>>> print(open('structure-v4.txt').read())   # compact mmCIF, C-alpha atoms
# COMPACT_ATOMS: atom_id res chain seq x y z
CA MET A 1 0.00 0.00 0.00
CA SER A 2 1.48 3.38 -1.03
CA ASP A 3 2.02 6.16 1.49
CA SER A 4 -0.37 9.12 1.53
CA PRO A 5 0.96 12.65 0.80
CA GLU A 6 0.63 13.39 4.53
CA GLN A 7 2.83 10.38 5.36
CA LEU A 8 5.43 11.35 2.75
CA ARG A 9 5.69 14.93 3.98
CA ASN A 10 8.68 15.00 6.31
CA GLY A 11 9.90 18.59 5.93
CA LEU A 12 9.03 21.99 7.31
CA THR A 13 8.08 25.17 5.47
CA TYR A 14 8.83 28.80 6.21
CA ALA A 15 5.20 29.12 7.32
CA ASP A 16 5.79 26.35 9.87
CA ALA A 17 8.66 28.46 11.23
CA GLY A 18 6.47 31.56 11.50
CA VAL A 19 7.69 33.39 8.37
CA ASP A 20 5.05 34.55 5.88
CA ILE A 21 6.75 34.79 2.47
CA ASP A 22 3.47 35.73 0.78
CA ALA A 23 3.08 38.72 3.11
CA GLY A 24 6.59 39.82 2.22
CA GLU A 25 5.80 39.73 -1.49
CA GLN A 26 2.55 41.65 -0.91
CA LEU A 27 4.51 44.30 0.97
CA VAL A 28 6.97 44.71 -1.92
CA ASP A 29 4.04 45.22 -4.30
CA ALA A 30 2.52 47.76 -1.91
CA ILE A 31 5.66 49.87 -1.56
CA LYS A 32 6.76 49.94 -5.23
CA PRO A 33 4.65 53.06 -5.94
CA LEU A 34 6.15 54.70 -2.84
CA ALA A 35 9.66 54.09 -4.15
CA ARG A 36 8.75 55.40 -7.60
CA SER A 37 7.46 58.62 -6.03
CA THR A 38 10.99 59.43 -4.82
CA ALA A 39 12.63 59.35 -8.28
CA ARG A 40 15.29 62.00 -8.88
CA PRO A 41 17.90 62.68 -11.61
CA GLY A 42 20.44 59.88 -11.65
CA SER A 43 18.28 57.29 -9.93
CA GLU A 44 16.37 54.25 -11.11
CA PRO A 45 14.00 53.63 -8.18
CA SER A 46 12.64 50.26 -9.28
CA LEU A 47 12.68 47.64 -6.53
CA GLY A 48 13.65 44.03 -7.06
CA GLY A 49 17.27 44.03 -8.21
CA PHE A 50 20.24 42.77 -6.23
CA GLY A 51 21.63 46.31 -6.08
CA ALA A 52 20.69 49.86 -7.04
CA LEU A 53 22.46 51.88 -9.74
CA PHE A 54 22.99 55.63 -9.60
CA ASP A 55 24.34 57.88 -12.36
CA LEU A 56 26.36 60.67 -10.73
CA LYS A 57 26.88 62.41 -14.07
CA ALA A 58 23.13 62.56 -14.66
CA ALA A 59 22.80 64.12 -11.19
CA GLY A 60 25.07 66.96 -12.32
CA PHE A 61 28.35 66.06 -10.59
CA VAL A 62 31.71 66.61 -12.30
CA ASP A 63 34.35 65.35 -9.84
CA PRO A 64 32.38 63.97 -6.87
CA LEU A 65 33.37 62.40 -3.59
CA ILE A 66 30.97 59.78 -2.20
CA VAL A 67 29.71 60.25 1.37
CA THR A 68 27.83 57.46 3.19
CA THR A 69 25.96 57.33 6.48
CA THR A 70 23.85 54.89 8.50
CA ASP A 71 21.60 55.39 11.51
CA GLY A 72 18.38 54.28 13.20
CA VAL A 73 15.36 55.67 15.02
CA GLY A 74 16.27 54.24 18.41
CA THR A 75 13.82 53.75 21.26
CA LYS A 76 11.40 56.30 19.81
CA LEU A 77 10.07 53.21 18.04
CA LYS A 78 8.69 52.03 21.38
CA ILE A 79 6.27 54.97 21.38
CA ALA A 80 5.23 54.24 17.80
CA ILE A 81 4.65 50.57 18.61
CA GLU A 82 2.80 51.21 21.88
CA THR A 83 0.50 53.84 20.35
CA GLY A 84 0.15 52.50 16.80
CA ARG A 85 1.58 55.74 15.37
CA HIS A 86 3.79 54.29 12.62
CA ASP A 87 3.52 57.10 10.06
CA GLY A 88 6.24 59.48 11.24
CA VAL A 89 9.14 57.25 12.23
CA GLY A 90 10.13 56.69 8.60
CA VAL A 91 10.67 60.43 8.18
CA ASP A 92 12.82 60.34 11.33
CA LEU A 93 14.88 57.50 9.90
CA VAL A 94 15.70 59.41 6.72
CA ALA A 95 16.42 62.61 8.65
CA MET A 96 18.86 60.89 11.02
CA CYS A 97 20.89 59.73 8.02
CA VAL A 98 20.70 62.64 5.58
CA ASN A 99 21.37 65.25 8.28
CA ASP A 100 24.81 63.68 8.66
CA LEU A 101 25.34 63.95 4.90
CA LEU A 102 24.37 67.62 4.97
CA ALA A 103 26.78 68.28 7.84
CA GLN A 104 29.58 67.31 5.47
CA GLY A 105 28.27 69.39 2.61
CA ALA A 106 26.99 66.40 0.65
CA GLU A 107 23.77 66.27 -1.38
CA PRO A 108 21.59 63.26 -0.43
CA LEU A 109 21.18 61.02 -3.47
CA LEU A 110 19.78 57.65 -2.47
CA PHE A 111 18.44 55.80 0.56
CA LEU A 112 17.93 52.18 1.63
CA ASP A 113 16.08 50.90 4.67
CA TYR A 114 16.19 47.79 6.85
CA TYR A 115 12.92 46.77 8.55
CA ALA A 116 13.07 43.82 10.96
CA THR A 117 10.09 42.36 12.81
CA GLY A 118 8.87 39.24 14.54
CA ARG A 119 5.69 38.90 12.49
CA LEU A 120 5.12 41.03 9.41
CA SER A 121 2.09 43.31 9.44
CA ILE A 122 1.66 44.55 5.87
CA ASP A 123 -0.31 47.61 6.98
CA ASP A 124 2.14 48.69 9.69
CA ALA A 125 5.14 48.10 7.43
CA ARG A 126 3.55 50.00 4.54
CA ARG A 127 2.87 52.97 6.82
CA VAL A 128 6.49 52.94 7.98
CA VAL A 129 7.78 52.81 4.39
CA ALA A 130 5.34 55.56 3.39
CA GLY A 131 7.03 57.72 6.01
CA ILE A 132 10.44 56.77 4.63
CA ALA A 133 9.29 57.78 1.14
CA GLU A 134 8.02 61.10 2.50
CA GLY A 135 11.37 61.70 4.18
CA CYS A 136 13.16 60.92 0.93
CA ARG A 137 10.96 63.35 -0.99
CA GLN A 138 11.69 66.07 1.57
CA ALA A 139 15.43 65.35 1.34
CA GLY A 140 15.46 65.05 -2.45
CA CYS A 141 16.91 61.54 -2.44
CA ALA A 142 15.62 58.36 -4.05
CA LEU A 143 14.39 55.34 -2.10
CA VAL A 144 16.13 52.65 -4.14
CA GLY A 145 15.74 49.50 -2.07
CA GLY A 146 16.03 47.87 1.31
CA GLU A 147 15.42 44.69 3.25
CA THR A 148 12.42 43.39 5.15
CA ALA A 149 13.33 40.67 7.63
CA GLU A 150 10.70 38.59 9.44
CA MET A 151 12.46 36.97 12.38
CA PRO A 152 10.19 35.16 14.86
CA GLY A 153 12.06 34.46 18.06
CA MET A 154 14.17 37.60 17.70
CA TYR A 155 11.30 40.09 18.09
CA SER A 156 7.97 39.81 19.87
CA ASP A 157 4.79 40.14 17.80
CA GLY A 158 4.19 43.81 17.08
CA ASP A 159 7.81 44.82 17.68
CA TYR A 160 10.06 46.01 14.87
CA ASP A 161 13.34 47.83 14.36
CA LEU A 162 14.51 50.22 11.66
CA ALA A 163 17.88 51.13 10.21
CA GLY A 164 18.69 53.38 7.29
CA PHE A 165 21.58 53.81 4.90
CA SER A 166 22.12 56.91 2.79
CA LEU A 167 24.57 57.91 0.11
CA GLY A 168 25.41 61.42 -0.99
CA ALA A 169 28.02 63.23 -3.02
CA VAL A 170 29.95 66.46 -2.85
CA GLU A 171 32.28 68.00 -5.40
CA ARG A 172 35.94 67.56 -4.57
CA GLY A 173 37.20 70.47 -2.49
CA HIS A 174 33.77 71.36 -1.15
CA ALA A 175 33.38 68.84 1.68
CA LEU A 176 32.63 70.32 5.11
CA PRO A 177 33.95 71.34 7.53
CA TYR A 178 36.50 73.69 5.96
CA LEU A 179 39.00 73.18 8.77
CA ASP A 180 41.80 74.80 6.80
CA ARG A 181 39.69 77.90 6.14
CA GLN A 182 38.58 78.69 9.71
CA ASN A 183 40.09 81.76 11.34
CA PRO A 184 39.76 83.69 14.60
CA GLY A 185 36.89 86.14 14.27
CA ASP A 186 34.75 83.88 12.05
CA LEU A 187 31.08 83.71 13.04
CA ILE A 188 29.35 80.48 14.08
CA ILE A 189 25.63 80.39 13.33
CA GLY A 190 23.47 78.05 15.42
CA VAL A 191 20.06 76.93 14.16
CA GLY A 192 17.58 75.92 16.82
CA SER A 193 16.22 72.38 16.65
CA SER A 194 12.49 71.87 16.05
CA GLY A 195 12.51 69.10 18.66
CA PRO A 196 14.38 66.02 19.85
CA HIS A 197 13.77 64.22 16.53
CA SER A 198 15.11 60.71 17.30
CA ASN A 199 17.69 61.62 19.92
CA GLY A 200 17.43 61.05 23.65
CA TYR A 201 14.26 58.97 23.71
CA SER A 202 15.49 56.53 26.35
CA LEU A 203 15.70 59.53 28.69
CA ILE A 204 12.43 61.01 27.42
CA ARG A 205 10.61 57.72 28.01
CA LYS A 206 12.03 57.54 31.54
CA VAL A 207 10.84 61.11 32.26
CA VAL A 208 7.35 60.22 30.98
CA GLU A 209 7.32 57.06 33.09
CA LYS A 210 8.21 58.97 36.27
CA SER A 211 5.71 61.76 35.47
CA GLY A 212 2.79 59.34 35.60
CA LEU A 213 1.49 60.56 32.24
CA SER A 214 0.17 58.24 29.57
CA TRP A 215 0.78 58.67 25.84
CA GLY A 216 -2.84 59.75 25.33
CA ASP A 217 -2.71 62.57 27.90
CA ASP A 218 -2.35 66.19 26.81
CA ALA A 219 1.29 67.13 26.37
CA PRO A 220 2.29 69.63 29.13
CA PHE A 221 4.14 71.66 26.49
CA ALA A 222 1.52 71.36 23.73
CA LYS A 223 -2.03 71.33 25.10
CA ASP A 224 -3.62 70.87 21.68
CA ARG A 225 -1.88 67.53 21.17
CA SER A 226 -1.47 64.28 23.04
CA LEU A 227 1.92 63.42 24.44
CA ALA A 228 2.40 60.78 21.76
CA GLN A 229 1.49 63.22 18.97
CA ALA A 230 3.82 65.92 20.31
CA LEU A 231 6.75 63.53 20.64
>>> encode(input="structure-v4.txt", output="structure tokens")
Amino acid sequence: MSDSPEQLRNGLTYADAGVDIDAGEQLVDAIKPLARSTARPGSEPSLGGFGALFDLKAAGFVDPLIVTTTDGVGTKLKIAIETGRHDGVGVDLVAMCVNDLLAQGAEPLLFLDYYATGRLSIDDARRVVAGIAEGCRQAGCALVGGETAEMPGMYSDGDYDLAGFSLGAVERGHALPYLDRQNPGDLIIGVGSSGPHSNGYSLIRKVVEKSGLSWGDDAPFAKDRSLAQAL
């Protein structure tokens, strides 16, 4: 008597291990229009290749130096996860990276993200990537790719982490700071920050914890918004 298909099956699938490959493919389809919306001269923002190409000449550079940065959002993600406010952290991710490019005089050109989670929620992930695309549009750089990793056992359900990688360019001789051009008597101009952005949130969360406030309470410094909205 021949064995049934159930008896012959002696392997495990990704689904058995808690990884939903179909959800990953659906997410890629959902974020392709977001990537296309960040197109800029020199870029080819079509997802799916092993790597992304960028034409520096088409971007207007003559003798460029490449500048690269990487960063994350940090524990500010805990507020996003606990309150379901996933729309803004992608903008933060881009800003944390491209601000470092700007500090060296480089023009942001392209951006890649890394999204890691225990169980992939297509809606949450799409909202995060929509924020990344918005950040890229504000910065004038192209979202050219990234990686979505579903890792059950590494992250609890609902938890996720973000990292970003940006590349910029600056013409040779124009990289900042101009250490060899600084002289006594030069002026330093400081620009006030619009907020903590993604810095210091371990301390901020500890202050909130000790204050007894909840994320839905009115922010003491912004009465028209909840604490979560203000932060």
>>> residues_near_point(input="structure-v4.txt", point="(9.1, 57.5, -5.7)", cutoff="10 Å", atoms="all atoms listed in the file", output="short mmCIF file (atom, residue, chain, number, x, y, z; two decimals) with C-alpha atoms, in the coordinates of the input")
data_model
loop_
_atom_site.label_atom_id
_atom_site.label_comp_id
_atom_site.auth_asym_id
_atom_site.auth_seq_id
_atom_site.Cartn_x
_atom_site.Cartn_y
_atom_site.Cartn_z
CA ILE A 31 5.66 49.87 -1.56
CA LYS A 32 6.76 49.94 -5.23
CA PRO A 33 4.65 53.06 -5.94
CA LEU A 34 6.15 54.70 -2.84
CA ALA A 35 9.66 54.09 -4.15
CA ARG A 36 8.75 55.40 -7.60
CA SER A 37 7.46 58.62 -6.03
CA THR A 38 10.99 59.43 -4.82
CA ALA A 39 12.63 59.35 -8.28
CA ARG A 40 15.29 62.00 -8.88
CA GLU A 44 16.37 54.25 -11.11
CA PRO A 45 14.00 53.63 -8.18
CA SER A 46 12.64 50.26 -9.28
CA ALA A 133 9.29 57.78 1.14
CA GLU A 134 8.02 61.10 2.50
CA CYS A 136 13.16 60.92 0.93
CA ARG A 137 10.96 63.35 -0.99
CA CYS A 141 16.91 61.54 -2.44
CA ALA A 142 15.62 58.36 -4.05
CA LEU A 143 14.39 55.34 -2.10
CA VAL A 144 16.13 52.65 -4.14
#
>>> closest_atom_pairs(input="structure-v4.txt", of="segment 147-205 of chain A", to="segment 113-118 of chain A", cutoff="10 Å", atoms="all atoms listed in the file", output="Markdown table")
| residue | atom | partner | partner_atom | distance |
| --- | --- | --- | --- | --- |
| A:Glu147 | CA | A:Tyr114 | CA | 4.8 |
| A:Thr148 | CA | A:Tyr115 | CA | 4.8 |
| A:Ala149 | CA | A:Ala116 | CA | 4.6 |
| A:Glu150 | CA | A:Thr117 | CA | 5.1 |
| A:Met151 | CA | A:Gly118 | CA | 4.8 |
| A:Pro152 | CA | A:Gly118 | CA | 4.3 |
| A:Gly153 | CA | A:Gly118 | CA | 6.7 |
| A:Met154 | CA | A:Gly118 | CA | 6.4 |
| A:Tyr155 | CA | A:Gly118 | CA | 4.4 |
| A:Ser156 | CA | A:Gly118 | CA | 5.4 |
| A:Asp157 | CA | A:Gly118 | CA | 5.3 |
| A:Gly158 | CA | A:Gly118 | CA | 7.0 |
| A:Asp159 | CA | A:Thr117 | CA | 5.9 |
| A:Tyr160 | CA | A:Thr117 | CA | 4.2 |
| A:Asp161 | CA | A:Ala116 | CA | 5.3 |
| A:Leu162 | CA | A:Tyr115 | CA | 4.9 |
| A:Ala163 | CA | A:Tyr114 | CA | 5.0 |
| A:Gly164 | CA | A:Asp113 | CA | 4.5 |
| A:Phe165 | CA | A:Asp113 | CA | 6.2 |
| A:Ser166 | CA | A:Asp113 | CA | 8.7 |
>>> closest_residue(input="structure-v4.txt", among="A:Leu102, A:Val129, A:Ala80, A:Val170", to="Pro64 of chain A", atoms="only C-alpha atoms")
A:Val170
>>> closest_atom_pairs(input="structure-v4.txt", of="segment 81-193 of chain A", to="segment 204-224 of chain A", cutoff="12 Å", atoms="only C-alpha atoms", output="tab-separated table")
residue	atom	partner	partner_atom	distance
A:Ile81	CA	A:Trp215	CA	11.5
A:Glu82	CA	A:Trp215	CA	8.7
A:Thr83	CA	A:Trp215	CA	7.3
A:Gly84	CA	A:Trp215	CA	11.0
A:Arg85	CA	A:Trp215	CA	10.9
>>> write_last_selection(input="structure-v4.txt", atoms="C-alpha atoms", output="PDB file, in the frame of the given file")
ATOM      1  CA  ILE A  81       4.650  50.570  18.610  1.00  0.00           C
ATOM      2  CA  GLU A  82       2.800  51.210  21.880  1.00  0.00           C
ATOM      3  CA  THR A  83       0.500  53.840  20.350  1.00  0.00           C
ATOM      4  CA  GLY A  84       0.150  52.500  16.800  1.00  0.00           C
ATOM      5  CA  ARG A  85       1.580  55.740  15.370  1.00  0.00           C
TER       6      ARG A  85
END
>>> atom_distance(input="structure-v4.txt", atom1="atom CA of Val98 of chain A", atom2="atom CA of Glu25 of chain A")
28.2 Å
>>> closest_residue(input="structure-v4.txt", among="A:Leu179, A:Ala228, A:Leu77, A:Ala130", to="Tyr201 of chain A", atoms="all atoms listed in the file")
A:Leu77
>>> atom_distance(input="structure-v4.txt", atom1="atom CA of Val128 of chain A", atom2="atom CA of Val91 of chain A")
8.6 Å
>>> atom_distance(input="structure-v4.txt", atom1="atom CA of Ala175 of chain A", atom2="atom CA of Gln138 of chain A")
21.9 Å
>>> closest_residue(input="structure-v4.txt", among="A:Asp123, A:Asp71, A:Asp100, A:Glu107", to="Val28 of chain A", atoms="all atoms listed in the file")
A:Asp123
>>> closest_residue(input="structure-v4.txt", among="A:Gly90, A:Gly190, A:Gly185, A:Gly74", to="Asp124 of chain A", atoms="only C-alpha atoms")
A:Gly90
>>> closest_residue(input="structure-v4.txt", among="A:Val73, A:Leu227, A:Leu101, A:Leu112", to="Pro177 of chain A", atoms="only C-alpha atoms")
A:Leu101
>>> closest_residue(input="structure-v4.txt", among="A:Asp92, A:Asp55, A:Asp29, A:Asp63", to="Glu171 of chain A", atoms="all atoms listed in the file")
A:Asp63
>>> axis_aligned_box(input="structure-v4.txt", around="segment 179-182 of chain A", padding_each_side="5 Å", output="AutoDock Vina command-line options")
--center_x 40.2 --center_y 75.9 --center_z 7.9 --size_x 13.2 --size_y 15.5 --size_z 13.6
>>> build_atoms(input="structure-v4.txt", residues="segment 97-108 of chain A", atoms="all heavy atoms", output="CSV table (one decimal), keeping the file's coordinate frame")
chain,number,residue,atom,x,y,z
A,97,CYS,N,19.8,60.1,8.9
A,97,CYS,CA,20.9,59.7,8.0
A,97,CYS,C,21.3,60.9,7.2
A,97,CYS,O,22.5,61.2,7.1
A,97,CYS,CB,20.5,58.6,7.1
A,97,CYS,SG,20.3,57.0,8.0
A,98,VAL,N,20.3,61.6,6.5
A,98,VAL,CA,20.7,62.6,5.6
A,98,VAL,C,21.2,63.9,6.3
A,98,VAL,O,22.0,64.6,5.7
A,98,VAL,CB,19.5,63.0,4.6
A,98,VAL,CG1,19.1,61.8,3.9
A,98,VAL,CG2,18.4,63.6,5.4
A,99,ASN,N,20.8,64.1,7.6
A,99,ASN,CA,21.4,65.2,8.3
A,99,ASN,C,22.9,65.1,8.4
A,99,ASN,O,23.6,66.1,8.4
A,99,ASN,CB,20.7,65.4,9.7
A,99,ASN,CG,19.3,66.0,9.6
A,99,ASN,OD1,18.9,66.5,8.6
A,99,ASN,ND2,18.7,66.0,10.7
A,100,ASP,N,23.4,63.9,8.6
A,100,ASP,CA,24.8,63.7,8.7
A,100,ASP,C,25.5,63.9,7.3
A,100,ASP,O,26.6,64.4,7.3
A,100,ASP,CB,25.1,62.3,9.1
A,100,ASP,CG,24.7,62.0,10.6
A,100,ASP,OD1,24.5,63.1,11.3
A,100,ASP,OD2,24.6,60.9,11.0
A,101,LEU,N,24.8,63.6,6.2
A,101,LEU,CA,25.3,64.0,4.9
A,101,LEU,C,25.5,65.5,4.7
A,101,LEU,O,26.5,66.0,4.3
A,101,LEU,CB,24.4,63.4,3.8
A,101,LEU,CG,24.4,61.9,3.6
A,101,LEU,CD1,23.4,61.5,2.5
A,101,LEU,CD2,25.7,61.3,3.3
A,102,LEU,N,24.4,66.2,5.1
A,102,LEU,CA,24.4,67.6,5.0
A,102,LEU,C,25.5,68.3,5.8
A,102,LEU,O,26.0,69.3,5.4
A,102,LEU,CB,23.0,68.2,5.4
A,102,LEU,CG,21.8,67.7,4.5
A,102,LEU,CD1,20.5,68.2,5.1
A,102,LEU,CD2,21.9,68.2,3.1
A,103,ALA,N,25.8,67.7,7.0
A,103,ALA,CA,26.8,68.3,7.8
A,103,ALA,C,28.2,68.2,7.2
A,103,ALA,O,29.1,69.0,7.6
A,103,ALA,CB,26.8,67.5,9.2
A,104,GLN,N,28.3,67.4,6.2
A,104,GLN,CA,29.6,67.3,5.5
A,104,GLN,C,29.5,67.9,4.1
A,104,GLN,O,30.4,67.8,3.3
A,104,GLN,CB,30.1,65.9,5.4
A,104,GLN,CG,30.4,65.3,6.7
A,104,GLN,CD,31.3,64.0,6.6
A,104,GLN,OE1,30.8,62.9,6.9
A,104,GLN,NE2,32.5,64.2,6.2
A,105,GLY,N,28.4,68.7,3.9
A,105,GLY,CA,28.3,69.4,2.6
A,105,GLY,C,27.8,68.5,1.4
A,105,GLY,O,27.8,69.0,0.3
A,106,ALA,N,27.4,67.3,1.7
A,106,ALA,CA,27.0,66.4,0.6
A,106,ALA,C,25.5,66.5,0.3
A,106,ALA,O,24.7,66.8,1.2
A,106,ALA,CB,27.3,65.0,1.0
A,107,GLU,N,25.2,66.3,-0.9
A,107,GLU,CA,23.8,66.3,-1.4
A,107,GLU,C,23.3,64.8,-1.2
A,107,GLU,O,23.9,63.9,-1.8
A,107,GLU,CB,23.7,66.7,-2.8
A,107,GLU,CG,22.3,66.6,-3.4
A,107,GLU,CD,22.2,67.0,-4.9
A,107,GLU,OE1,23.2,67.5,-5.4
A,107,GLU,OE2,21.1,66.7,-5.5
A,108,PRO,N,22.1,64.6,-0.5
A,108,PRO,CA,21.6,63.3,-0.4
A,108,PRO,C,21.1,62.8,-1.8
A,108,PRO,O,20.4,63.5,-2.5
A,108,PRO,CB,20.4,63.4,0.5
A,108,PRO,CG,20.7,64.7,1.3
A,108,PRO,CD,21.4,65.6,0.3
